[in-house]
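Working notes, beginning with the structure itself.
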Amino acid sequence: MANVVQFRRSTAILTLVAASVGGGLIAAFAVANHSSSPVSVTARADTPTQRAEQISNSFADVIEKASPAVVKISMTRIIKASDQQQGGNPFMMDPFFRQFFGGGNGQQMRPRDQREEGLGSGIVVSPSGYILTNNHVVEKANKLEVTLSDGREFTGKIVGTDPQTDVAVVKISADSLPVMPFANSEGTRVGDLCFAIGNPFGQDHTVTMGIVSAKNRHLENGTHIQNFIQTDAAINPGNSGGALINARGELIGMNTMILTGGGGGNFGGSEEAGNIGIGFAVPSNLAKQVMDQIEKNGKVSRGYLGASLENVGPGMGSHLGLKSDQGAIIASVSPKGPATTAGLKDGDVVVAIDGKPVHSSDDLTLDVIGHAPGSSVALDIVRNNQPMKVNVTLGTRPTGLDWDQNGPTGNNGNNGNNNDQNNGTAENTTVRGMTVETLTPDLAQQVQAPAGTKGVVVDQVDESSPAVDAGVSRGTVIIAVNRTPVSTAADFKRLMNEANGKSVMLTIKQGGGNFFVVVQPQ
C-alpha cells in the first residue's frame with residue numbers, strides 16, 4: 001500500500017477577531033438621553049482607528065479572483081530497493097524474525113521498491129503553464145499531477161529546483177491560465193492583512209486569513225537561504241507551495257514552513273505537531289528572482305563574497321568605530337576568494353553595499369546573492385575606526401554553502417571538554433572572572449584551534465561574571481582584546497587591565513573563523 005505523505009512546512013493557528021462594518025462606519029448606535037431622539041456616533045475619518053476599521057466585511061471578491069491561480073500538486077516517487085538499507089530494521093538482521101517476513105530458512109530478506117505519495121500546492125505565474133511551488137513538494141518525484149481549480153488535470157514537468165531557497169518551477173502544457181500577480185514583498189508591513197490559499201489535508205482551495213506577523217525571519221533548521229515572512233494565517237499539511245496574498249489579491253509570499261512546539265522549522269512533520277500559529281513564507285521578491293533564473297537557465301547562480309560574516313552585537317559599535325551597533329563584521333576571508341582579492345581583511349565592518357545601509361550580516365548576504373557572479377559591488381567599510389570604500393568582483397556561490405555564517409552565541413569552546421592542562425609550569429592568569437592559559441600547540445590541538453594559532457585558552461569562568469553572559473566558556477580561545485592581538489596570558493592580563501574596568505571586545509577563534517563578543521564591566 002502506498003505511503004501517503006502530506007507536506008507540512010508551516011503550521012499557523014489563526015485567532016483573529018475582526019469587528020468591521022461596510023460603508024466605512026465604525027459604529028452607529030442609539031444612545032438614550034433625556035430626549036427621545038437617538039444619537040448616531042461615528043469615528044473621525046482621519047484617525048488610525050478609523051482607517052484600521054474601514055475594512056469590508058467580505059473579501060470574497062479578492063479571493064474569487066486570486067484562488068483560480070492556486071493549484072493542487074500530487075506527487076509520486078519510488079524509493080528503489082537498492083537505495084534502502086536493510087540494516088535500518090534490527091529485526092531483519094535476526095534469522096528468527098526473518099522467517100515471519102518471508103525470509104525463513106536463513107534466507108536474507110530482499111528489500112522491495114517503495115512508493116510514496118504526497119500532496120502540496122502551487123501558484124500559476126504565467127498563462128503558458130509555469131507554476132511556482134516548493135522544492136520539497138516535488139523533490140525526487142517520478143510523477144507529478146497538477147489539478148486546476150476548474151478540475152482539469154495535467155501532467156507536470158520539473159523545469160528546475162533550488163533547494164537553498166526551497167523553490168521549484170513546474171511546467172504544464174496549457175494556455176490562457178489564470179495568473180497570480182506578484183507584489184513587492186519589500187513593501188509588505190508587519191500588521192498587513194494576508195490570506196493563505198492552498199490545499200491543506202487535500203481540501204482543495206482552502207482560504208485562511210491573518211496578518212503579517214514579522215519579516216526577515218531566519219530559523220536554525222531549514223533551508224540555507226532564509227528571509228521568511230512570518231504569518232499567523234492558518235497553514236497546514238498540503239499548504240506547502242501555496243500562495244500568501246495581500247488584501248489586493250497579490251502574491252507576497254509562498255507558504256513553506258511551520259514552527260512546531262519543538263521550536264524548529266518543520267518541513268513535512270507529523271500531523272501530531274499541531275497548528276500553533278506561526279507559519280513562514282518565502283518572500284515573493286526572492287521567489288521571483290529564483291524563478292526567473294530557473295526559467296532562463298534551468299538553474300540558479302548567485303554572487304559570492306568569500307567571507308564569513310557576523311552581526312555587530314550589542315555594545316560592539318563603540319569598539320569598532322561605528323555610530324551604532326549595526327553592520328556586518330568580516331570574521332574571516334576565504335583564501336584566494338573575492339574578498340581576499342579585493343583587499344578585505346578580518347575585522348573589517350561592512351556598513352553599506354552600493355550605497356544601501358547594511359544593518360546585519362543577513363542584509364549583506366541577501367544583497368550579495370542577489371547579484372550575478374562576476375558583477376561588481378561597492379562596499380563601505382570601517383577598518384581600525386577609519387571609513388573606507390572597497391570594490392569587490394563577486395564570485396559564484398557554492399551550491400552547498402550554508403546560509404548561517406554567524407558566530408555562535410553560546411559555547412565558543414570545546415563543547416565542555418575537560419582539559420586540565422595547568423601542570424604548574426604553564427603561564428596562566430585570572431582577570432574579570434576568566435582564568436586563561438597561554439595557548440600551546442598541544443592545547444591548540446585539544447581545543448581544535450587551527451595550527452599556529454596564538455592566543456589564550458579559557459580554563460575556568462566564574463559563573464557570576466559578565467564573561468558568561470557574553471558566551472565565554474571553558475575551552476574558548478581568545479586571540480585579541482579590543483582588536484589588539486594576544487600571544488600570552490600576560491598579554492591578556494595587561495590588555496584587560498588597560499581597559500580600566502570598561503567593556504572590552506574579545507576576538508574568539510573557533511574552527512577557521514573569528515567571532516566577536518563584548519564583555520561588560522564587572
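Here's how to read the names in the C-alpha cells: chain A, B, ... by the order shown, residue numbers from 1 in each chain, ligand numbers from 1 in the order shown.
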Exercise. Go through stretch 280-413 of chain A and collect every residue that DSSP, computed from the backbone, puts in strand (DSSP E); the answer should be as a PyMOL selection string.
Key: chain A and resi 280-283+303-304+307-311+328-333+349-353+356-357+376-383+386-393+395-396
Practice problem: Write out as a VMD selection string each polymer residue whose atoms come within 6 Å of stretch 126-138 of chain A, counting only C-alpha atoms; drop sequence neighbours fewer than 2 positions from it. | Solution: chain A and resid 120 122 to 124 141 161 166 to 172 174 to 177 179 241
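Of the listed residues A:Ser308, A:Gln460, A:Asn199, A:Gln510, the one whose atoms come nearest to A:Ala444 is A:Gln510, with distances taken using only C-alpha atoms.
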Shell around A:Asp346 at 9 Å using only C-alpha atoms, local window under 6 positions removed, as a CSV table (one decimal) with all heavy atoms, in the first residue's frame:
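Printed below is part.csv as written:
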```
chain,number,residue,atom,x,y,z
A,307,ALA,N,33.5,35.3,2.3
A,307,ALA,CA,33.8,35.8,3.7
A,307,ALA,C,32.8,35.2,4.7
A,307,ALA,O,31.6,35.1,4.3
A,307,ALA,CB,33.8,37.3,3.8
A,329,ILE,N,30.3,42.3,10.4
A,329,ILE,CA,31.7,42.1,10.6
A,329,ILE,C,32.3,41.0,9.7
A,329,ILE,O,31.7,39.9,9.7
A,329,ILE,CB,32.0,41.8,12.1
A,329,ILE,CG1,31.4,42.8,13.0
A,329,ILE,CG2,33.6,41.7,12.3
A,329,ILE,CD1,31.5,42.5,14.5
A,330,ILE,N,33.4,41.2,9.1
A,330,ILE,CA,34.0,40.1,8.3
A,330,ILE,C,34.9,39.3,9.3
A,330,ILE,O,36.0,39.8,9.8
A,330,ILE,CB,34.9,40.7,7.2
A,330,ILE,CG1,34.0,41.3,6.1
A,330,ILE,CG2,35.7,39.6,6.5
A,330,ILE,CD1,34.7,41.9,4.9
A,331,ALA,N,34.4,38.2,9.7
A,331,ALA,CA,35.1,37.4,10.7
A,331,ALA,C,36.3,36.7,10.1
A,331,ALA,O,37.4,36.6,10.8
A,331,ALA,CB,34.2,36.3,11.3
A,332,SER,N,36.2,36.2,8.9
A,332,SER,CA,37.4,35.6,8.2
A,332,SER,C,37.1,35.7,6.7
A,332,SER,O,36.0,35.8,6.2
A,332,SER,CB,37.6,34.2,8.6
A,332,SER,OG,36.5,33.4,8.3
A,333,VAL,N,38.1,35.6,5.9
A,333,VAL,CA,38.0,35.7,4.4
A,333,VAL,C,38.6,34.4,3.9
A,333,VAL,O,39.6,33.8,4.4
A,333,VAL,CB,38.8,36.9,3.8
A,333,VAL,CG1,38.0,38.2,4.2
A,333,VAL,CG2,40.2,36.9,4.3
A,514,ASN,N,36.8,33.7,13.0
A,514,ASN,CA,36.9,34.6,14.1
A,514,ASN,C,35.5,35.1,14.5
A,514,ASN,O,34.7,35.5,13.6
A,514,ASN,CB,37.8,35.8,13.9
A,514,ASN,CG,39.2,35.3,13.6
A,514,ASN,OD1,39.6,34.3,14.0
A,514,ASN,ND2,40.0,36.2,12.8
```
Quiz item: With only C-alpha atoms as the atoms that count, which of A:Met434, A:Val125, A:Ala214, A:Met254 lies nearest to A:Asp292?
Solution: A:Val125
Exercise. List the neighbours of stretch 203-205 of chain A out to 9 Å using only C-alpha atoms; skip same-chain residues closer than 4 positions along the sequence, and give me the result as a PyMOL selection string.
Key: chain A and resi 67-68+70-72+149+197-199+238
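For the pair atom CA of A:Ser185 and atom CA of A:Met257, the interatomic distance is 17.4 Å.
Once A:Arg302 and its same-chain neighbours fewer than 6 positions away are set aside, Val290, Gln293, Leu366, Val368, Ile369, Gly370, His371, Ala372, Pro373, Gly374, Leu394, Gly395, Thr396, Arg397, Pro398 and Thr399 of chain A remain within 10 Å of it when counting only C-alpha atoms.
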Leaving out stretch 227-229 of chain A and any residue of its chain fewer than 2 positions from it, which residues lie within 9 Å of it when counting only C-alpha atoms, given as a PDB file with all heavy atoms, in the first residue's frame?
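Below you can see around.pdb, which holds the result:
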```
ATOM      1  N   SER A 185       7.347  42.332  -2.168  1.00  0.00           N
ATOM      2  CA  SER A 185       7.315  41.887  -0.769  1.00  0.00           C
ATOM      3  C   SER A 185       8.076  42.819   0.153  1.00  0.00           C
ATOM      4  O   SER A 185       7.837  42.828   1.360  1.00  0.00           O
ATOM      5  CB  SER A 185       7.875  40.462  -0.650  1.00  0.00           C
ATOM      6  OG  SER A 185       9.163  40.363  -1.218  1.00  0.00           O
ATOM      7  N   VAL A 212       0.497  39.780   8.631  1.00  0.00           N
ATOM      8  CA  VAL A 212       1.950  39.602   8.566  1.00  0.00           C
ATOM      9  C   VAL A 212       2.482  39.818   9.977  1.00  0.00           C
ATOM     10  O   VAL A 212       2.390  40.920  10.524  1.00  0.00           O
ATOM     11  CB  VAL A 212       2.589  40.588   7.579  1.00  0.00           C
ATOM     12  CG1 VAL A 212       4.106  40.507   7.643  1.00  0.00           C
ATOM     13  CG2 VAL A 212       2.082  40.326   6.165  1.00  0.00           C
ATOM     14  N   SER A 213       3.008  38.763  10.582  1.00  0.00           N
ATOM     15  CA  SER A 213       3.445  38.825  11.977  1.00  0.00           C
ATOM     16  C   SER A 213       4.857  39.368  12.128  1.00  0.00           C
ATOM     17  O   SER A 213       5.186  39.990  13.142  1.00  0.00           O
ATOM     18  CB  SER A 213       3.363  37.434  12.615  1.00  0.00           C
ATOM     19  OG  SER A 213       2.059  36.898  12.505  1.00  0.00           O
ATOM     20  N   ALA A 214       5.708  39.113  11.136  1.00  0.00           N
ATOM     21  CA  ALA A 214       7.105  39.573  11.191  1.00  0.00           C
ATOM     22  C   ALA A 214       7.713  39.409   9.811  1.00  0.00           C
ATOM     23  O   ALA A 214       7.156  38.722   8.946  1.00  0.00           O
ATOM     24  CB  ALA A 214       7.893  38.796  12.233  1.00  0.00           C
ATOM     25  N   LYS A 215       8.858  40.037   9.615  1.00  0.00           N
ATOM     26  CA  LYS A 215       9.591  39.913   8.356  1.00  0.00           C
ATOM     27  C   LYS A 215      11.040  39.544   8.635  1.00  0.00           C
ATOM     28  O   LYS A 215      11.517  39.669   9.751  1.00  0.00           O
ATOM     29  CB  LYS A 215       9.527  41.226   7.560  1.00  0.00           C
ATOM     30  CG  LYS A 215       8.119  41.607   7.099  1.00  0.00           C
ATOM     31  CD  LYS A 215       8.122  42.961   6.388  1.00  0.00           C
ATOM     32  CE  LYS A 215       8.957  42.949   5.135  1.00  0.00           C
ATOM     33  NZ  LYS A 215       8.921  44.250   4.426  1.00  0.00           N
ATOM     34  N   ASN A 216      11.714  39.083   7.584  1.00  0.00           N
ATOM     35  CA  ASN A 216      13.149  38.772   7.644  1.00  0.00           C
ATOM     36  C   ASN A 216      13.471  37.747   8.724  1.00  0.00           C
ATOM     37  O   ASN A 216      14.481  37.862   9.418  1.00  0.00           O
ATOM     38  CB  ASN A 216      13.966  40.052   7.885  1.00  0.00           C
ATOM     39  CG  ASN A 216      13.677  41.125   6.863  1.00  0.00           C
ATOM     40  OD1 ASN A 216      13.589  40.845   5.670  1.00  0.00           O
ATOM     41  ND2 ASN A 216      13.508  42.361   7.316  1.00  0.00           N
ATOM     42  N   ARG A 217      12.626  36.743   8.850  1.00  0.00           N
ATOM     43  CA  ARG A 217      12.848  35.703   9.851  1.00  0.00           C
ATOM     44  C   ARG A 217      13.865  34.679   9.342  1.00  0.00           C
ATOM     45  O   ARG A 217      13.885  34.321   8.171  1.00  0.00           O
ATOM     46  CB  ARG A 217      11.544  34.972  10.172  1.00  0.00           C
ATOM     47  CG  ARG A 217      10.569  35.776  11.006  1.00  0.00           C
ATOM     48  CD  ARG A 217      11.151  36.110  12.364  1.00  0.00           C
ATOM     49  NE  ARG A 217      10.120  36.463  13.322  1.00  0.00           N
ATOM     50  CZ  ARG A 217      10.273  37.273  14.345  1.00  0.00           C
ATOM     51  NH1 ARG A 217      11.453  37.863  14.518  1.00  0.00           N
ATOM     52  NH2 ARG A 217       9.293  37.514  15.182  1.00  0.00           N
ATOM     53  N   HIS A 218      14.696  34.225  10.271  1.00  0.00           N
ATOM     54  CA  HIS A 218      15.692  33.191   9.968  1.00  0.00           C
ATOM     55  C   HIS A 218      15.612  32.121  11.039  1.00  0.00           C
ATOM     56  O   HIS A 218      15.615  32.416  12.229  1.00  0.00           O
ATOM     57  CB  HIS A 218      17.099  33.798   9.923  1.00  0.00           C
ATOM     58  CG  HIS A 218      18.182  32.781   9.782  1.00  0.00           C
ATOM     59  ND1 HIS A 218      19.033  32.467  10.806  1.00  0.00           N
ATOM     60  CD2 HIS A 218      18.530  31.978   8.752  1.00  0.00           C
ATOM     61  CE1 HIS A 218      19.879  31.529  10.408  1.00  0.00           C
ATOM     62  NE2 HIS A 218      19.583  31.225   9.164  1.00  0.00           N
ATOM     63  N   LEU A 219      15.513  30.863  10.624  1.00  0.00           N
ATOM     64  CA  LEU A 219      15.411  29.745  11.556  1.00  0.00           C
ATOM     65  C   LEU A 219      16.677  28.911  11.497  1.00  0.00           C
ATOM     66  O   LEU A 219      17.336  28.814  10.462  1.00  0.00           O
ATOM     67  CB  LEU A 219      14.201  28.861  11.215  1.00  0.00           C
ATOM     68  CG  LEU A 219      12.844  29.580  11.166  1.00  0.00           C
ATOM     69  CD1 LEU A 219      11.755  28.593  10.765  1.00  0.00           C
ATOM     70  CD2 LEU A 219      12.531  30.198  12.517  1.00  0.00           C
ATOM     71  N   ILE A 225      19.097  29.515   2.586  1.00  0.00           N
ATOM     72  CA  ILE A 225      18.884  30.946   2.407  1.00  0.00           C
ATOM     73  C   ILE A 225      17.494  31.282   2.898  1.00  0.00           C
ATOM     74  O   ILE A 225      16.503  30.802   2.353  1.00  0.00           O
ATOM     75  CB  ILE A 225      19.047  31.345   0.928  1.00  0.00           C
ATOM     76  CG1 ILE A 225      20.471  31.042   0.459  1.00  0.00           C
ATOM     77  CG2 ILE A 225      18.729  32.818   0.727  1.00  0.00           C
ATOM     78  CD1 ILE A 225      20.679  31.237  -1.015  1.00  0.00           C
ATOM     79  N   THR A 231       3.674  34.635   9.406  1.00  0.00           N
ATOM     80  CA  THR A 231       2.249  34.945   9.422  1.00  0.00           C
ATOM     81  C   THR A 231       1.512  34.042  10.398  1.00  0.00           C
ATOM     82  O   THR A 231       1.995  32.955  10.732  1.00  0.00           O
ATOM     83  CB  THR A 231       1.634  34.770   8.019  1.00  0.00           C
ATOM     84  OG1 THR A 231       0.231  35.052   8.085  1.00  0.00           O
ATOM     85  CG2 THR A 231       1.813  33.344   7.514  1.00  0.00           C
ATOM     86  N   ILE A 252       2.456  37.886  -2.002  1.00  0.00           N
ATOM     87  CA  ILE A 252       3.538  38.441  -1.191  1.00  0.00           C
ATOM     88  C   ILE A 252       4.493  37.356  -0.703  1.00  0.00           C
ATOM     89  O   ILE A 252       5.599  37.647  -0.247  1.00  0.00           O
ATOM     90  CB  ILE A 252       3.001  39.220   0.028  1.00  0.00           C
ATOM     91  CG1 ILE A 252       2.182  38.316   0.955  1.00  0.00           C
ATOM     92  CG2 ILE A 252       2.199  40.421  -0.423  1.00  0.00           C
ATOM     93  CD1 ILE A 252       1.777  38.982   2.257  1.00  0.00           C
ATOM     94  N   GLY A 253       4.079  36.077  -0.807  1.00  0.00           N
ATOM     95  CA  GLY A 253       4.960  35.008  -0.367  1.00  0.00           C
ATOM     96  C   GLY A 253       4.413  33.646  -0.749  1.00  0.00           C
ATOM     97  O   GLY A 253       3.244  33.504  -1.116  1.00  0.00           O
ATOM     98  N   ASN A 255       3.961  29.915   0.873  1.00  0.00           N
ATOM     99  CA  ASN A 255       3.963  29.223   2.156  1.00  0.00           C
ATOM    100  C   ASN A 255       4.902  28.018   2.121  1.00  0.00           C
ATOM    101  O   ASN A 255       4.855  27.205   1.199  1.00  0.00           O
ATOM    102  CB  ASN A 255       2.538  28.774   2.499  1.00  0.00           C
ATOM    103  CG  ASN A 255       1.586  29.940   2.596  1.00  0.00           C
ATOM    104  OD1 ASN A 255       1.911  30.967   3.178  1.00  0.00           O
ATOM    105  ND2 ASN A 255       0.414  29.803   1.993  1.00  0.00           N
ATOM    106  N   THR A 256       5.739  27.926   3.140  1.00  0.00           N
ATOM    107  CA  THR A 256       6.844  26.974   3.074  1.00  0.00           C
ATOM    108  C   THR A 256       7.062  26.181   4.353  1.00  0.00           C
ATOM    109  O   THR A 256       7.311  24.982   4.308  1.00  0.00           O
ATOM    110  CB  THR A 256       8.161  27.726   2.735  1.00  0.00           C
ATOM    111  OG1 THR A 256       8.050  28.275   1.435  1.00  0.00           O
ATOM    112  CG2 THR A 256       9.355  26.802   2.773  1.00  0.00           C
ATOM    113  N   GLY A 279       3.621  30.516  10.984  1.00  0.00           N
ATOM    114  CA  GLY A 279       3.982  29.959   9.693  1.00  0.00           C
ATOM    115  C   GLY A 279       4.928  30.890   8.960  1.00  0.00           C
ATOM    116  O   GLY A 279       5.032  32.079   9.279  1.00  0.00           O
ATOM    117  N   PHE A 280       5.603  30.356   7.953  1.00  0.00           N
ATOM    118  CA  PHE A 280       6.621  31.126   7.239  1.00  0.00           C
ATOM    119  C   PHE A 280       6.446  30.964   5.732  1.00  0.00           C
ATOM    120  O   PHE A 280       6.097  29.891   5.248  1.00  0.00           O
ATOM    121  CB  PHE A 280       8.028  30.693   7.650  1.00  0.00           C
ATOM    122  CG  PHE A 280       8.293  30.864   9.116  1.00  0.00           C
ATOM    123  CD1 PHE A 280       8.081  29.816  10.000  1.00  0.00           C
ATOM    124  CD2 PHE A 280       8.734  32.076   9.626  1.00  0.00           C
ATOM    125  CE1 PHE A 280       8.302  29.970  11.359  1.00  0.00           C
ATOM    126  CE2 PHE A 280       8.955  32.236  10.980  1.00  0.00           C
ATOM    127  CZ  PHE A 280       8.742  31.192  11.849  1.00  0.00           C
ATOM    128  N   ALA A 281       6.722  32.040   5.024  1.00  0.00           N
ATOM    129  CA  ALA A 281       6.597  32.055   3.570  1.00  0.00           C
ATOM    130  C   ALA A 281       7.838  32.672   2.952  1.00  0.00           C
ATOM    131  O   ALA A 281       8.403  33.638   3.479  1.00  0.00           O
ATOM    132  CB  ALA A 281       5.356  32.845   3.150  1.00  0.00           C
ATOM    133  N   VAL A 282       8.267  32.107   1.808  1.00  0.00           N
ATOM    134  CA  VAL A 282       9.355  32.700   1.032  1.00  0.00           C
ATOM    135  C   VAL A 282       8.844  33.997   0.417  1.00  0.00           C
ATOM    136  O   VAL A 282       7.807  33.999  -0.262  1.00  0.00           O
ATOM    137  CB  VAL A 282       9.823  31.745  -0.081  1.00  0.00           C
ATOM    138  CG1 VAL A 282      10.908  32.401  -0.936  1.00  0.00           C
ATOM    139  CG2 VAL A 282      10.335  30.438   0.511  1.00  0.00           C
ATOM    140  N   PRO A 283       9.487  35.143   0.649  1.00  0.00           N
ATOM    141  CA  PRO A 283       9.003  36.410   0.078  1.00  0.00           C
ATOM    142  C   PRO A 283       8.893  36.340  -1.438  1.00  0.00           C
ATOM    143  O   PRO A 283       9.699  35.691  -2.109  1.00  0.00           O
ATOM    144  CB  PRO A 283      10.074  37.417   0.511  1.00  0.00           C
ATOM    145  CG  PRO A 283      10.754  36.796   1.686  1.00  0.00           C
ATOM    146  CD  PRO A 283      10.717  35.324   1.440  1.00  0.00           C
ATOM    147  N   LEU A 286      12.074  37.207  -3.525  1.00  0.00           N
ATOM    148  CA  LEU A 286      13.090  36.161  -3.589  1.00  0.00           C
ATOM    149  C   LEU A 286      12.616  35.013  -4.468  1.00  0.00           C
ATOM    150  O   LEU A 286      13.389  34.477  -5.279  1.00  0.00           O
ATOM    151  CB  LEU A 286      13.406  35.658  -2.173  1.00  0.00           C
ATOM    152  CG  LEU A 286      14.435  34.531  -2.058  1.00  0.00           C
ATOM    153  CD1 LEU A 286      15.769  34.950  -2.666  1.00  0.00           C
ATOM    154  CD2 LEU A 286      14.631  34.122  -0.598  1.00  0.00           C
ATOM    155  N   ASP A 362      22.847  39.234   7.607  1.00  0.00           N
ATOM    156  CA  ASP A 362      21.815  38.740   6.698  1.00  0.00           C
ATOM    157  C   ASP A 362      21.561  39.733   5.570  1.00  0.00           C
ATOM    158  O   ASP A 362      21.385  39.348   4.406  1.00  0.00           O
ATOM    159  CB  ASP A 362      20.509  38.482   7.451  1.00  0.00           C
ATOM    160  CG  ASP A 362      20.591  37.259   8.352  1.00  0.00           C
ATOM    161  OD1 ASP A 362      21.632  36.579   8.328  1.00  0.00           O
ATOM    162  OD2 ASP A 362      19.620  36.990   9.083  1.00  0.00           O
ATOM    163  N   LEU A 366      22.093  38.586   1.677  1.00  0.00           N
ATOM    164  CA  LEU A 366      20.968  38.615   0.748  1.00  0.00           C
ATOM    165  C   LEU A 366      21.242  39.540  -0.431  1.00  0.00           C
ATOM    166  O   LEU A 366      20.861  39.247  -1.569  1.00  0.00           O
ATOM    167  CB  LEU A 366      19.697  39.052   1.476  1.00  0.00           C
ATOM    168  CG  LEU A 366      19.054  37.991   2.367  1.00  0.00           C
ATOM    169  CD1 LEU A 366      17.971  38.615   3.239  1.00  0.00           C
ATOM    170  CD2 LEU A 366      18.477  36.865   1.523  1.00  0.00           C
TER     171      LEU A 366
END
```
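Across the model, the gap from atom CA of A:Ala449 to atom CA of A:Val477 is 7.7 Å.
From atom CA of A:Ala339 back to atom CA of A:Val377, the distance works out to 11.1 Å.
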How close does each residue of stretch 280-318 of chain A get to stretch 465-475 of chain A, giving the shortest atom pair and distance in Å to one decimal for every residue with an atom at most 12 Å away, counting only C-alpha atoms, sorted by chain and residue number, as JSON lines?
```
{"residue": "A:Gly313", "atom": "CA", "partner": "A:Ala470", "partner_atom": "CA", "distance": 10.2}
{"residue": "A:Pro314", "atom": "CA", "partner": "A:Ala470", "partner_atom": "CA", "distance": 10.1}
{"residue": "A:Gly315", "atom": "CA", "partner": "A:Ala470", "partner_atom": "CA", "distance": 10.8}
{"residue": "A:Met316", "atom": "CA", "partner": "A:Ala470", "partner_atom": "CA", "distance": 11.6}
```
Could you save the residues just selected, with C-alpha atoms, as a PDB file, in the first residue's frame?
```pdb
ATOM      1  CA  GLY A 313      26.347  42.713  18.536  1.00  0.00           C
ATOM      2  CA  PRO A 314      25.144  44.959  21.352  1.00  0.00           C
ATOM      3  CA  GLY A 315      27.937  47.172  22.638  1.00  0.00           C
ATOM      4  CA  MET A 316      30.333  46.356  19.765  1.00  0.00           C
TER       5      MET A 316
END
```
Exercise. Would you please give, as a PyMOL selection string, all residues of stretch 285-375 of chain A that DSSP assigns to helix (DSSP H, G or I) based on the backbone?
Key: chain A and resi 285-297+317-320+338-342+361-369
Quiz item: Out of A:Asn311, A:Asn246, A:Gln164, A:Ser240, which residue has the shortest atom-to-atom distance to A:Val350 when counting only C-alpha atoms?
Solution: A:Asn311
Quiz item: Which residue gives the smallest distance to A:Lys299 among A:Val358, A:Val159, A:Ile278, A:Met388, with only C-alpha atoms counted?
Solution: A:Val159
Could I get the residues of stretch 427-493 of chain A with an atom no further than 12 Å from an atom of stretch 384-387 of chain A, each paired with its nearest atom pair and that distance in Å to one decimal, using only C-alpha atoms, sorted by chain and residue number, as JSON lines?
```
{"residue": "A:Asn482", "atom": "CA", "partner": "A:Asn384", "partner_atom": "CA", "distance": 10.6}
{"residue": "A:Arg483", "atom": "CA", "partner": "A:Asn384", "partner_atom": "CA", "distance": 8.7}
{"residue": "A:Thr484", "atom": "CA", "partner": "A:Asn384", "partner_atom": "CA", "distance": 10.7}
```
